[in-house]
Amino acid sequence: MFAENQFKVEMINELPENMAIAVYRCGDLVDLCRGPHIPNTSFVRAFACISASSSYWRGKEERESLQRVYGVSFPDSKRLKEYLCLMEEAKERDHRKLGQAQELFIFNKVSPGCCFFLPHGARVLNKLKAFMQQEYWDRGYEEVVTPNVYNMSLWETSGHAANYRDNMFVFEIDGKEVGLKPMNCPGHCEIFRHRPRSYRELPLRMADFGVLHRNEASGALAGLTRVRRFVQDDAHIFCRESQVKDEVEGVLKFIDDVYKIFGFEYELELSTRPDNYLGVVETWNRAESQLKEALGACGKPWKVNEGDGAFYGPKIDIGVFDALKRKFQCATLQLDFQLPINFKLTYAPEDEGKHERPVMIHRAILGSFERMVAILLEHYGGKWPLWLSPRQAIICPASSDWLEYAEQVRGKIHRAGFHVDIDKSGKSMGKMVAEAHKVSYNYILGVGQDEAGSGEVSVRARHSKGALSKISVDEAIRRFREEVAAFK
Ligand SMILES: [Zn+2]
């Protein structure tokens, strides 16, 4: 059937003798395909070529050069147009491009896959962290600080040595093998068991902003979305089996509150007991029914992925959608019956004679801070809301005569806790304003003779398209504070 095409013949010849080969017909065209296909081309109402470039057959340089074409089709032209617009916008918003324009971070071959956050990038990271710390304060979490380097024996207990070693940085100290932590959980188990625990202490919510390292393949590294060194808003909840529902409900509420602030849509999926599960069926059943109750109580639609849970416990997957309707996985909500067994974690219940095992819940809301910075940067298109912004205000003096007054204003706003700069370039007001817009300052404060005379500033907000209001410095600070407080 395909004798006229040497490439298809080559592929067919390489298939195992007894393998069934699928072909699809569309009118006169019959072609090799695993399928499925749409029944006929009347379903292709709108299509576009996304890219076309030459590439080597099977990616091998010594082979023939062919043309590779990518296309996309939609049931109507409106949806195609929307898709193409979003793709165009995504290119504009690429975090690597915006990160460079805003001087947030750099990468350097001296440490592949590990980000250097520049001062303005560190501002965003610190604000995100402070935000999470305030949330922890309100929600009964306790922060801990744990080591980065652990003896291999810890990873043997946790199971990482057997299942995750290829993703770890392992080296020797004093002739003994050690590993950089790829996760915080085992360290938290050590904290849990450093002394006897009572049921009165549970639930114990242990948060950690520890640095994690995972040895991603160099080919997989991509900007901030896939890195080797990162920090998560990680926490582990140690609780009784009977507390699972309330704890999961609390985490779901936490996720909802945070994602609402960022303006993320999200969807929830419950993954249940897989075939290769460890532990007791009854434990799984009780946990799953509590997860279902918690999901029911959160009032959002959710669905079940039957048998898709990890072997050590069921989980809830949270898919978030950014402003460009792209889906990401950031939050984690994973129950774990196994790690408490591996680490022999117990607590004394009301009847102190017999010990019980806690359930562990792995949870993160933002996921990795690095990746969240990339997602937020693209989600906002570089236009940070004031509370997160690394450039909250810039003072533009009408001429160098007003630099001293500009410094006074800067000092006052800086002491009030805002990131404020002065444009000392000596350029015209129009040019300074244009450049301030380019790096997305939230507020531009003009100062000159009038303002210096009355102790005021002429405020131009990024979102108000240039409208000016002349107000006192104190009033400007009051407005900034009000806007920051309103982000929730
Ligand atoms: Zn964990």
# chains A, B, ... in the order shown; residues from 1 in each chain; ligands from 1
>>> residues_around(residues="stretch 163-165 of chain A", least_positions_apart="3", cutoff="12 Å", atoms="only C-alpha atoms", output="compact mmCIF listing (two decimals) with all heavy atoms, in the first residue's frame")
# COMPACT_ATOMS: atom_id res chain seq x y z
N MET A 152 22.57 9.10 53.61
CA MET A 152 21.76 8.26 52.72
C MET A 152 20.77 7.40 53.52
O MET A 152 19.73 7.02 53.01
CB MET A 152 22.68 7.40 51.86
CG MET A 152 22.35 7.37 50.39
SD MET A 152 21.83 8.92 49.65
CE MET A 152 20.79 8.33 48.35
N TRP A 155 17.32 8.60 53.37
CA TRP A 155 16.63 8.37 52.09
C TRP A 155 16.29 6.91 51.90
O TRP A 155 15.41 6.57 51.11
CB TRP A 155 17.49 8.91 50.93
CG TRP A 155 17.86 10.36 51.14
CD1 TRP A 155 19.11 10.86 51.32
CD2 TRP A 155 16.96 11.48 51.22
NE1 TRP A 155 19.05 12.22 51.52
CE2 TRP A 155 17.74 12.62 51.45
CE3 TRP A 155 15.57 11.60 51.11
CZ2 TRP A 155 17.19 13.89 51.59
CZ3 TRP A 155 15.02 12.87 51.25
CH2 TRP A 155 15.82 13.99 51.49
N GLU A 156 17.05 6.04 52.62
CA GLU A 156 16.68 4.62 52.57
C GLU A 156 15.38 4.40 53.35
O GLU A 156 14.48 3.71 52.89
CB GLU A 156 17.82 3.76 53.11
CG GLU A 156 18.76 3.33 51.98
CD GLU A 156 20.22 3.29 52.41
OE1 GLU A 156 20.50 3.02 53.60
OE2 GLU A 156 21.08 3.53 51.54
N THR A 157 15.28 5.01 54.52
CA THR A 157 14.05 4.89 55.31
C THR A 157 12.85 5.45 54.54
O THR A 157 11.78 4.85 54.51
CB THR A 157 14.19 5.68 56.64
OG1 THR A 157 15.36 5.25 57.30
CG2 THR A 157 12.98 5.47 57.53
N SER A 158 13.05 6.61 53.92
CA SER A 158 11.92 7.27 53.25
C SER A 158 11.53 6.57 51.95
O SER A 158 10.43 6.76 51.45
CB SER A 158 12.26 8.72 52.94
OG SER A 158 13.26 8.78 51.94
N GLY A 159 12.44 5.78 51.39
CA GLY A 159 12.16 5.12 50.11
C GLY A 159 12.70 5.90 48.91
O GLY A 159 12.65 5.42 47.78
N HIS A 160 13.26 7.10 49.16
CA HIS A 160 13.79 7.88 48.04
C HIS A 160 15.01 7.22 47.41
O HIS A 160 15.20 7.32 46.20
CB HIS A 160 14.15 9.29 48.49
CG HIS A 160 12.95 10.16 48.72
ND1 HIS A 160 12.27 10.17 49.91
CD2 HIS A 160 12.30 11.01 47.91
CE1 HIS A 160 11.25 11.01 49.81
NE2 HIS A 160 11.24 11.53 48.62
N MET A 168 18.26 12.69 42.40
CA MET A 168 18.89 13.35 43.54
C MET A 168 20.36 13.66 43.27
O MET A 168 21.01 12.96 42.50
CB MET A 168 18.79 12.46 44.79
CG MET A 168 17.39 12.42 45.38
SD MET A 168 17.29 11.26 46.75
CE MET A 168 18.49 11.95 47.90
N PHE A 169 20.84 14.71 43.93
CA PHE A 169 22.28 14.99 43.92
C PHE A 169 22.89 14.23 45.09
O PHE A 169 22.60 14.53 46.25
CB PHE A 169 22.55 16.49 44.06
CG PHE A 169 22.17 17.26 42.83
CD1 PHE A 169 20.98 17.96 42.76
CD2 PHE A 169 23.00 17.27 41.72
CE1 PHE A 169 20.62 18.67 41.62
CE2 PHE A 169 22.66 17.98 40.57
CZ PHE A 169 21.47 18.68 40.52
N VAL A 170 23.69 13.21 44.76
CA VAL A 170 24.28 12.36 45.78
C VAL A 170 25.80 12.54 45.73
O VAL A 170 26.37 12.59 44.64
CB VAL A 170 23.92 10.88 45.53
CG1 VAL A 170 24.61 9.97 46.52
CG2 VAL A 170 22.40 10.70 45.59
N PHE A 171 26.43 12.71 46.87
CA PHE A 171 27.89 12.85 46.90
C PHE A 171 28.42 12.31 48.22
O PHE A 171 27.65 11.79 49.03
CB PHE A 171 28.31 14.30 46.65
CG PHE A 171 27.61 15.32 47.51
CD1 PHE A 171 28.20 15.83 48.65
CD2 PHE A 171 26.34 15.77 47.17
CE1 PHE A 171 27.55 16.77 49.44
CE2 PHE A 171 25.67 16.71 47.95
CZ PHE A 171 26.28 17.21 49.09
N GLU A 177 28.11 8.35 51.95
CA GLU A 177 27.24 8.90 50.94
C GLU A 177 26.15 9.78 51.57
O GLU A 177 25.54 9.39 52.58
CB GLU A 177 26.58 7.74 50.18
CG GLU A 177 26.46 8.03 48.72
CD GLU A 177 25.96 6.82 47.94
OE1 GLU A 177 25.31 5.94 48.51
OE2 GLU A 177 26.22 6.80 46.74
N VAL A 178 25.95 10.94 50.98
CA VAL A 178 24.88 11.83 51.45
C VAL A 178 24.08 12.32 50.24
O VAL A 178 24.54 12.21 49.10
CB VAL A 178 25.45 13.07 52.20
CG1 VAL A 178 26.19 12.66 53.45
CG2 VAL A 178 26.35 13.89 51.28
N GLY A 179 22.86 12.81 50.49
CA GLY A 179 22.03 13.31 49.39
C GLY A 179 21.42 14.66 49.73
O GLY A 179 21.02 14.90 50.88
N LEU A 180 21.40 15.56 48.73
CA LEU A 180 20.71 16.85 48.90
C LEU A 180 19.21 16.58 48.86
O LEU A 180 18.74 15.83 48.02
CB LEU A 180 21.06 17.77 47.73
CG LEU A 180 22.30 18.64 47.83
CD1 LEU A 180 22.40 19.51 46.57
CD2 LEU A 180 22.23 19.53 49.07
N LYS A 181 18.45 17.22 49.73
CA LYS A 181 17.04 16.86 49.79
C LYS A 181 16.26 17.33 48.55
O LYS A 181 16.38 18.48 48.13
CB LYS A 181 16.38 17.41 51.06
CG LYS A 181 16.19 18.92 51.12
CD LYS A 181 15.42 19.31 52.37
CE LYS A 181 15.51 20.80 52.65
NZ LYS A 181 14.96 21.18 53.95
N PRO A 182 15.48 16.40 47.96
CA PRO A 182 14.58 16.78 46.88
C PRO A 182 13.19 17.11 47.44
O PRO A 182 12.35 17.67 46.74
CB PRO A 182 14.50 15.52 46.01
CG PRO A 182 14.75 14.39 46.96
CD PRO A 182 15.53 14.92 48.13
N MET A 183 12.93 16.75 48.69
CA MET A 183 11.65 16.99 49.35
C MET A 183 11.90 17.19 50.85
O MET A 183 12.90 16.73 51.38
CB MET A 183 10.72 15.78 49.19
CG MET A 183 10.36 15.47 47.75
SD MET A 183 9.47 13.92 47.59
CE MET A 183 9.61 13.68 45.82
N HIS A 213 16.60 20.44 45.87
CA HIS A 213 17.35 20.20 44.63
C HIS A 213 16.86 18.93 43.97
O HIS A 213 16.72 17.90 44.63
CB HIS A 213 18.85 20.06 44.93
CG HIS A 213 19.53 21.36 45.15
ND1 HIS A 213 19.62 21.95 46.39
CD2 HIS A 213 20.17 22.20 44.28
CE1 HIS A 213 20.28 23.10 46.27
NE2 HIS A 213 20.63 23.28 45.01
N ARG A 214 16.58 19.01 42.69
CA ARG A 214 16.25 17.80 41.92
C ARG A 214 17.07 17.82 40.65
O ARG A 214 17.14 18.84 39.96
CB ARG A 214 14.75 17.76 41.60
CG ARG A 214 13.93 17.60 42.86
CD ARG A 214 12.44 17.46 42.59
NE ARG A 214 11.72 17.55 43.86
CZ ARG A 214 10.41 17.66 43.98
NH1 ARG A 214 9.65 17.68 42.89
NH2 ARG A 214 9.84 17.75 45.17
N ASN A 215 17.67 16.68 40.36
CA ASN A 215 18.58 16.62 39.23
C ASN A 215 17.83 16.39 37.92
O ASN A 215 17.82 15.31 37.37
CB ASN A 215 19.61 15.51 39.45
CG ASN A 215 20.75 15.61 38.47
OD1 ASN A 215 20.79 16.54 37.65
ND2 ASN A 215 21.66 14.66 38.52
N GLU A 216 17.17 17.45 37.43
CA GLU A 216 16.46 17.36 36.15
C GLU A 216 17.48 17.23 35.03
O GLU A 216 18.55 17.83 35.08
CB GLU A 216 15.63 18.63 35.92
CG GLU A 216 14.63 18.95 37.02
CD GLU A 216 13.37 18.09 36.93
OE1 GLU A 216 13.24 17.34 35.93
OE2 GLU A 216 12.55 18.14 37.85
>>> residues_around(residues="A:Ser425", least_positions_apart="4", cutoff="12 Å", atoms="only C-alpha atoms", output="PyMOL selection string")
chain A and resi 395-400+403+421+429+431-433+435-436
>>> residues_around(residues="A:Ala348", least_positions_apart="6", cutoff="10 Å", atoms="only C-alpha atoms", output="PyMOL selection string")
chain A and resi 196-201+354-357
>>> atom_distance(atom1="atom CA of A:Ser289", atom2="atom CA of A:Lys245")
8.6 Å
>>> residues_near_ligand(ligand="ligand 1", cutoff="7 Å", atoms="only C-alpha atoms and all ligand atoms", output="list in words")
Met183, Asn184, Cys185, His236, His362 and Arg363 of chain A
>>> atom_distance(atom1="atom CA of A:Phe2", atom2="atom CA of A:Ser42")
25.9 Å
>>> residues_around(residues="stretch 102-113 of chain A", least_positions_apart="2", cutoff="9 Å", atoms="only C-alpha atoms", output="ChimeraX atom specification")
/A:96-100,115-124,216,218,221-224,226-229,382,390,438-440
>>> closest_residue(among="A:Leu295, A:Val244, A:Val473, A:Ala235", to="A:Ala364", atoms="only C-alpha atoms")
A:Ala235
>>> residues_around(residues="stretch 7-21 of chain A", least_positions_apart="4", cutoff="12 Å", atoms="only C-alpha atoms", output="list in words")
Met1, Phe2, Ala3, Asp31, Leu32, Cys33, Arg34, Gly35, Trp57, Arg58, Arg63, Glu64, Ser65 and Leu66 of chain A
>>> closest_residue(among="A:Asp450, A:Asp317, A:Glu89, A:Glu62", to="A:Tyr266", atoms="only C-alpha atoms")
A:Asp317
>>> select_by_dssp(residues="stretch 110-150 of chain A", states="helix (DSSP H, G or I)", output="MDAnalysis selection string")
chainID A and resid 119:139
>>> write_last_selection(atoms="N, CA, C and O atoms", output="PDB file, in the first residue's frame")
ATOM      1  N   PRO A 119      17.823  41.786  42.429  1.00  0.00           N
ATOM      2  CA  PRO A 119      17.099  42.471  43.515  1.00  0.00           C
ATOM      3  C   PRO A 119      15.580  42.570  43.287  1.00  0.00           C
ATOM      4  O   PRO A 119      14.802  42.294  44.195  1.00  0.00           O
ATOM      5  N   HIS A 120      15.166  42.932  42.076  1.00  0.00           N
ATOM      6  CA  HIS A 120      13.720  43.096  41.854  1.00  0.00           C
ATOM      7  C   HIS A 120      12.977  41.769  41.852  1.00  0.00           C
ATOM      8  O   HIS A 120      11.825  41.697  42.272  1.00  0.00           O
ATOM      9  N   GLY A 121      13.656  40.706  41.385  1.00  0.00           N
ATOM     10  CA  GLY A 121      13.043  39.379  41.439  1.00  0.00           C
ATOM     11  C   GLY A 121      12.926  38.897  42.870  1.00  0.00           C
ATOM     12  O   GLY A 121      11.912  38.312  43.270  1.00  0.00           O
ATOM     13  N   ALA A 122      13.976  39.173  43.664  1.00  0.00           N
ATOM     14  CA  ALA A 122      13.958  38.767  45.072  1.00  0.00           C
ATOM     15  C   ALA A 122      12.833  39.479  45.824  1.00  0.00           C
ATOM     16  O   ALA A 122      12.238  38.926  46.745  1.00  0.00           O
ATOM     17  N   ARG A 123      12.517  40.711  45.397  1.00  0.00           N
ATOM     18  CA  ARG A 123      11.409  41.433  46.033  1.00  0.00           C
ATOM     19  C   ARG A 123      10.101  40.660  45.869  1.00  0.00           C
ATOM     20  O   ARG A 123       9.314  40.514  46.810  1.00  0.00           O
ATOM     21  N   VAL A 124       9.866  40.169  44.659  1.00  0.00           N
ATOM     22  CA  VAL A 124       8.628  39.426  44.398  1.00  0.00           C
ATOM     23  C   VAL A 124       8.604  38.137  45.224  1.00  0.00           C
ATOM     24  O   VAL A 124       7.602  37.815  45.877  1.00  0.00           O
ATOM     25  N   LEU A 125       9.735  37.416  45.203  1.00  0.00           N
ATOM     26  CA  LEU A 125       9.819  36.175  45.985  1.00  0.00           C
ATOM     27  C   LEU A 125       9.528  36.433  47.461  1.00  0.00           C
ATOM     28  O   LEU A 125       8.755  35.714  48.091  1.00  0.00           O
ATOM     29  N   ASN A 126      10.147  37.479  48.004  1.00  0.00           N
ATOM     30  CA  ASN A 126       9.979  37.775  49.417  1.00  0.00           C
ATOM     31  C   ASN A 126       8.550  38.164  49.758  1.00  0.00           C
ATOM     32  O   ASN A 126       8.036  37.824  50.820  1.00  0.00           O
ATOM     33  N   LYS A 127       7.908  38.864  48.839  1.00  0.00           N
ATOM     34  CA  LYS A 127       6.513  39.248  49.077  1.00  0.00           C
ATOM     35  C   LYS A 127       5.607  38.018  49.075  1.00  0.00           C
ATOM     36  O   LYS A 127       4.691  37.903  49.885  1.00  0.00           O
ATOM     37  N   LEU A 128       5.866  37.114  48.138  1.00  0.00           N
ATOM     38  CA  LEU A 128       5.070  35.873  48.098  1.00  0.00           C
ATOM     39  C   LEU A 128       5.262  35.083  49.384  1.00  0.00           C
ATOM     40  O   LEU A 128       4.317  34.542  49.955  1.00  0.00           O
ATOM     41  N   LYS A 129       6.516  35.026  49.840  1.00  0.00           N
ATOM     42  CA  LYS A 129       6.806  34.267  51.053  1.00  0.00           C
ATOM     43  C   LYS A 129       6.157  34.921  52.270  1.00  0.00           C
ATOM     44  O   LYS A 129       5.528  34.236  53.088  1.00  0.00           O
ATOM     45  N   ALA A 130       6.266  36.243  52.364  1.00  0.00           N
ATOM     46  CA  ALA A 130       5.655  36.953  53.494  1.00  0.00           C
ATOM     47  C   ALA A 130       4.138  36.753  53.485  1.00  0.00           C
ATOM     48  O   ALA A 130       3.509  36.596  54.537  1.00  0.00           O
ATOM     49  N   PHE A 131       3.570  36.748  52.301  1.00  0.00           N
ATOM     50  CA  PHE A 131       2.132  36.509  52.163  1.00  0.00           C
ATOM     51  C   PHE A 131       1.768  35.136  52.717  1.00  0.00           C
ATOM     52  O   PHE A 131       0.837  34.984  53.508  1.00  0.00           O
ATOM     53  N   MET A 132       2.548  34.121  52.322  1.00  0.00           N
ATOM     54  CA  MET A 132       2.262  32.768  52.820  1.00  0.00           C
ATOM     55  C   MET A 132       2.476  32.687  54.332  1.00  0.00           C
ATOM     56  O   MET A 132       1.713  32.023  55.034  1.00  0.00           O
ATOM     57  N   GLN A 133       3.500  33.375  54.828  1.00  0.00           N
ATOM     58  CA  GLN A 133       3.755  33.330  56.276  1.00  0.00           C
ATOM     59  C   GLN A 133       2.600  33.937  57.064  1.00  0.00           C
ATOM     60  O   GLN A 133       2.221  33.437  58.120  1.00  0.00           O
ATOM     61  N   GLN A 134       2.014  35.005  56.534  1.00  0.00           N
ATOM     62  CA  GLN A 134       0.852  35.601  57.197  1.00  0.00           C
ATOM     63  C   GLN A 134      -0.316  34.614  57.175  1.00  0.00           C
ATOM     64  O   GLN A 134      -1.034  34.447  58.163  1.00  0.00           O
ATOM     65  N   GLU A 135      -0.490  33.951  56.037  1.00  0.00           N
ATOM     66  CA  GLU A 135      -1.558  32.955  55.937  1.00  0.00           C
ATOM     67  C   GLU A 135      -1.324  31.819  56.936  1.00  0.00           C
ATOM     68  O   GLU A 135      -2.266  31.334  57.566  1.00  0.00           O
ATOM     69  N   TYR A 136      -0.076  31.386  57.075  1.00  0.00           N
ATOM     70  CA  TYR A 136       0.242  30.327  58.038  1.00  0.00           C
ATOM     71  C   TYR A 136      -0.102  30.775  59.458  1.00  0.00           C
ATOM     72  O   TYR A 136      -0.633  30.015  60.263  1.00  0.00           O
ATOM     73  N   TRP A 137       0.225  32.011  59.738  1.00  0.00           N
ATOM     74  CA  TRP A 137      -0.056  32.591  61.048  1.00  0.00           C
ATOM     75  C   TRP A 137      -1.570  32.489  61.338  1.00  0.00           C
ATOM     76  O   TRP A 137      -1.995  32.099  62.421  1.00  0.00           O
ATOM     77  N   ASP A 138      -2.368  32.837  60.326  1.00  0.00           N
ATOM     78  CA  ASP A 138      -3.826  32.845  60.503  1.00  0.00           C
ATOM     79  C   ASP A 138      -4.427  31.446  60.542  1.00  0.00           C
ATOM     80  O   ASP A 138      -5.531  31.262  61.036  1.00  0.00           O
ATOM     81  N   ARG A 139      -3.722  30.471  59.959  1.00  0.00           N
ATOM     82  CA  ARG A 139      -4.332  29.154  59.789  1.00  0.00           C
ATOM     83  C   ARG A 139      -3.692  28.068  60.647  1.00  0.00           C
ATOM     84  O   ARG A 139      -3.896  26.871  60.387  1.00  0.00           O
TER      85      ARG A 139
END
>>> select_by_dssp(residues="stretch 391-439 of chain A", states="strand (DSSP E)", output="PyMOL selection string")
chain A and resi 393-397+420-422
>>> closest_residue(among="A:Gly411, A:Pro75, A:Gly319, A:Pro203", to="A:Tyr259", atoms="only C-alpha atoms")
A:Gly319
>>> decode(residues="stretch 411-421 of chain A", atoms="all heavy atoms", output="JSON list (two decimals), in the first residue's frame")
[["chain", "number", "residue", "atom", "x", "y", "z"],
["A", 411, "GLY", "N", 12.62, 59.10, 50.62],
["A", 411, "GLY", "CA", 12.90, 58.64, 51.98],
["A", 411, "GLY", "C", 11.61, 58.37, 52.75],
["A", 411, "GLY", "O", 11.48, 57.35, 53.44],
["A", 412, "LYS", "N", 10.66, 59.25, 52.60],
["A", 412, "LYS", "CA", 9.39, 59.13, 53.32],
["A", 412, "LYS", "C", 8.61, 57.88, 52.87],
["A", 412, "LYS", "O", 8.11, 57.11, 53.69],
["A", 412, "LYS", "CB", 8.56, 60.39, 53.06],
["A", 412, "LYS", "CG", 7.70, 60.77, 54.23],
["A", 412, "LYS", "CD", 7.16, 62.19, 54.07],
["A", 412, "LYS", "CE", 6.24, 62.49, 55.23],
["A", 412, "LYS", "NZ", 5.60, 63.80, 55.10],
["A", 413, "ILE", "N", 8.56, 57.70, 51.54],
["A", 413, "ILE", "CA", 7.80, 56.56, 51.01],
["A", 413, "ILE", "C", 8.53, 55.24, 51.29],
["A", 413, "ILE", "O", 7.91, 54.23, 51.62],
["A", 413, "ILE", "CB", 7.55, 56.74, 49.48],
["A", 413, "ILE", "CG1", 6.70, 58.00, 49.26],
["A", 413, "ILE", "CG2", 6.86, 55.52, 48.89],
["A", 413, "ILE", "CD1", 6.48, 58.36, 47.80],
["A", 414, "HIS", "N", 9.85, 55.30, 51.21],
["A", 414, "HIS", "CA", 10.66, 54.11, 51.52],
["A", 414, "HIS", "C", 10.45, 53.68, 52.98],
["A", 414, "HIS", "O", 10.24, 52.50, 53.26],
["A", 414, "HIS", "CB", 12.14, 54.43, 51.27],
["A", 414, "HIS", "CG", 13.09, 53.31, 51.61],
["A", 414, "HIS", "ND1", 13.33, 52.27, 50.75],
["A", 414, "HIS", "CD2", 13.82, 53.08, 52.73],
["A", 414, "HIS", "CE1", 14.19, 51.43, 51.33],
["A", 414, "HIS", "NE2", 14.50, 51.91, 52.53],
["A", 415, "ARG", "N", 10.46, 54.66, 53.88],
["A", 415, "ARG", "CA", 10.27, 54.33, 55.30],
["A", 415, "ARG", "C", 8.86, 53.78, 55.55],
["A", 415, "ARG", "O", 8.64, 53.05, 56.51],
["A", 415, "ARG", "CB", 10.53, 55.57, 56.17],
["A", 415, "ARG", "CG", 12.01, 55.88, 56.34],
["A", 415, "ARG", "CD", 12.26, 56.89, 57.45],
["A", 415, "ARG", "NE", 11.67, 58.21, 57.13],
["A", 415, "ARG", "CZ", 12.26, 59.13, 56.37],
["A", 415, "ARG", "NH1", 13.46, 58.88, 55.84],
["A", 415, "ARG", "NH2", 11.68, 60.29, 56.13],
["A", 416, "ALA", "N", 7.93, 54.13, 54.67],
["A", 416, "ALA", "CA", 6.57, 53.59, 54.82],
["A", 416, "ALA", "C", 6.49, 52.15, 54.27],
["A", 416, "ALA", "O", 5.45, 51.51, 54.35],
["A", 416, "ALA", "CB", 5.57, 54.48, 54.09],
["A", 417, "GLY", "N", 7.61, 51.66, 53.71],
["A", 417, "GLY", "CA", 7.66, 50.25, 53.32],
["A", 417, "GLY", "C", 7.39, 49.96, 51.85],
["A", 417, "GLY", "O", 7.09, 48.82, 51.49],
["A", 418, "PHE", "N", 7.52, 50.98, 51.00],
["A", 418, "PHE", "CA", 7.27, 50.74, 49.57],
["A", 418, "PHE", "C", 8.56, 50.82, 48.76],
["A", 418, "PHE", "O", 9.46, 51.57, 49.12],
["A", 418, "PHE", "CB", 6.25, 51.77, 49.05],
["A", 418, "PHE", "CG", 4.89, 51.58, 49.65],
["A", 418, "PHE", "CD1", 4.51, 52.31, 50.77],
["A", 418, "PHE", "CD2", 4.01, 50.65, 49.13],
["A", 418, "PHE", "CE1", 3.27, 52.12, 51.35],
["A", 418, "PHE", "CE2", 2.77, 50.45, 49.70],
["A", 418, "PHE", "CZ", 2.39, 51.18, 50.83],
["A", 419, "HIS", "N", 8.60, 50.04, 47.67],
["A", 419, "HIS", "CA", 9.75, 50.06, 46.77],
["A", 419, "HIS", "C", 9.63, 51.27, 45.86],
["A", 419, "HIS", "O", 8.78, 51.29, 44.97],
["A", 419, "HIS", "CB", 9.80, 48.78, 45.93],
["A", 419, "HIS", "CG", 10.06, 47.56, 46.74],
["A", 419, "HIS", "ND1", 11.20, 47.38, 47.48],
["A", 419, "HIS", "CD2", 9.31, 46.44, 46.93],
["A", 419, "HIS", "CE1", 11.16, 46.21, 48.09],
["A", 419, "HIS", "NE2", 10.02, 45.62, 47.78],
["A", 420, "VAL", "N", 10.45, 52.27, 46.10],
["A", 420, "VAL", "CA", 10.35, 53.51, 45.32],
["A", 420, "VAL", "C", 11.73, 53.94, 44.84],
["A", 420, "VAL", "O", 12.72, 53.83, 45.56],
["A", 420, "VAL", "CB", 9.67, 54.62, 46.18],
["A", 420, "VAL", "CG1", 10.40, 54.82, 47.49],
["A", 420, "VAL", "CG2", 9.56, 55.92, 45.40],
["A", 421, "ASP", "N", 11.80, 54.33, 43.58],
["A", 421, "ASP", "CA", 13.06, 54.74, 42.96],
["A", 421, "ASP", "C", 12.96, 56.19, 42.50],
["A", 421, "ASP", "O", 11.87, 56.77, 42.47],
["A", 421, "ASP", "CB", 13.37, 53.84, 41.75],
["A", 421, "ASP", "CG", 13.48, 52.38, 42.15],
["A", 421, "ASP", "OD1", 14.24, 52.09, 43.08],
["A", 421, "ASP", "OD2", 12.78, 51.54, 41.54]]
